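Undergrad: Before I ask anything, let me first share the structure, which is written out below as C-alpha cells.
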Amino acid sequence: MKVHVNADCISCGLCVSICPDVFHITEGGTAGVYREEVPPELEAVVREAADSCPVNAIEVG
Ligand code: SF4
C-alpha cells in the first residue's frame, strides 16, 4: 500500500497524532510522509489516519 498527502492538507496535525511513524509536519507546515510505501503492520493505522483527515488530503492505494 502507498500513501501520499495532497495539497488540500490544512495542517491540523491529526494524522501525526494517529500515526507518527508515517506522518510528520514538514518545514512548509503541511503534513508529509517519511515513506510512501507503507509496511503491512502500519496499513491499518494509516487507513485510520486517512479516514480521520478532515479534508481527505491523505490518499492511499
Ligand atoms: S489529518 Fe489531513 S489536514 Fe490534518 S495534518 Fe494530516 S493530512 Fe493535513
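Each chain in the C-alpha cells gets a letter, A, B and so on, in the order shown; residues start at 1 in every chain, and ligands are counted from 1 in the order they appear.
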Report as a count of residues only which protein, DNA and RNA residues come within 6 Å of ligand 1, using only C-alpha atoms and all ligand atoms.
TA: 15
Undergrad: Counting only C-alpha atoms, what is within 6 Å of A:Val3, bar same-chain residues fewer than 3 positions away, as a count of residues only?
TA: 3
Undergrad: Please provide as a PyMOL selection string all residues within 12 Å of A:Leu42, with the sequence filter that same-chain residues fewer than 5 positions apart are discarded (counting only C-alpha atoms).
TA: chain A and resi 1-3+18-23+35-37+47-49
Undergrad: Would you mind exporting C-alpha atoms of the selected residues as a short mmCIF file (atom, residue, chain, number, x, y, z; two decimals), in the first residue's frame?
TA:
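out-v1.cif, written as the output of this step:
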```
data_model
loop_
_atom_site.label_atom_id
_atom_site.label_comp_id
_atom_site.auth_asym_id
_atom_site.auth_seq_id
_atom_site.Cartn_x
_atom_site.Cartn_y
_atom_site.Cartn_z
CA MET A 1 0.00 0.00 0.00
CA LYS A 2 1.20 3.52 -0.79
CA VAL A 3 0.29 6.77 0.94
CA ILE A 18 -2.62 8.96 14.93
CA CYS A 19 0.46 7.60 13.17
CA PRO A 20 3.73 9.42 13.92
CA ASP A 21 5.70 6.54 12.38
CA VAL A 22 4.50 7.62 8.92
CA PHE A 23 3.28 11.24 9.09
CA ARG A 35 7.98 6.92 3.32
CA GLU A 36 5.34 6.41 0.66
CA GLU A 37 5.50 2.62 0.87
CA ARG A 47 -6.08 3.94 6.81
CA GLU A 48 -7.42 5.24 10.12
CA ALA A 49 -5.48 8.47 9.61
#
```
Undergrad: Write out as a count of residues only all residues of chain A that backbone DSSP assigns to strand (DSSP E).
TA: 12
Undergrad: Counting only C-alpha atoms, which residue out of A:Gly28, A:Ser17, A:Gly61, A:Asn56 sits closest to A:Glu43?
TA: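 With only C-alpha atoms as the atom set, the closest residue is A:Gly61.
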Undergrad: Give the alpha helix (DSSP H) residues of chain A, as DSSP finds them on the backbone, and put them as a list in words.
TA: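 Selecting the alpha helix (DSSP H) positions of chain A gives Leu14, Cys15, Val16, Ser17, Ile18, Glu43, Ala44, Val45, Val46, Arg47, Glu48, Ala49, Ala50, Asp51 and Ser52 of chain A.
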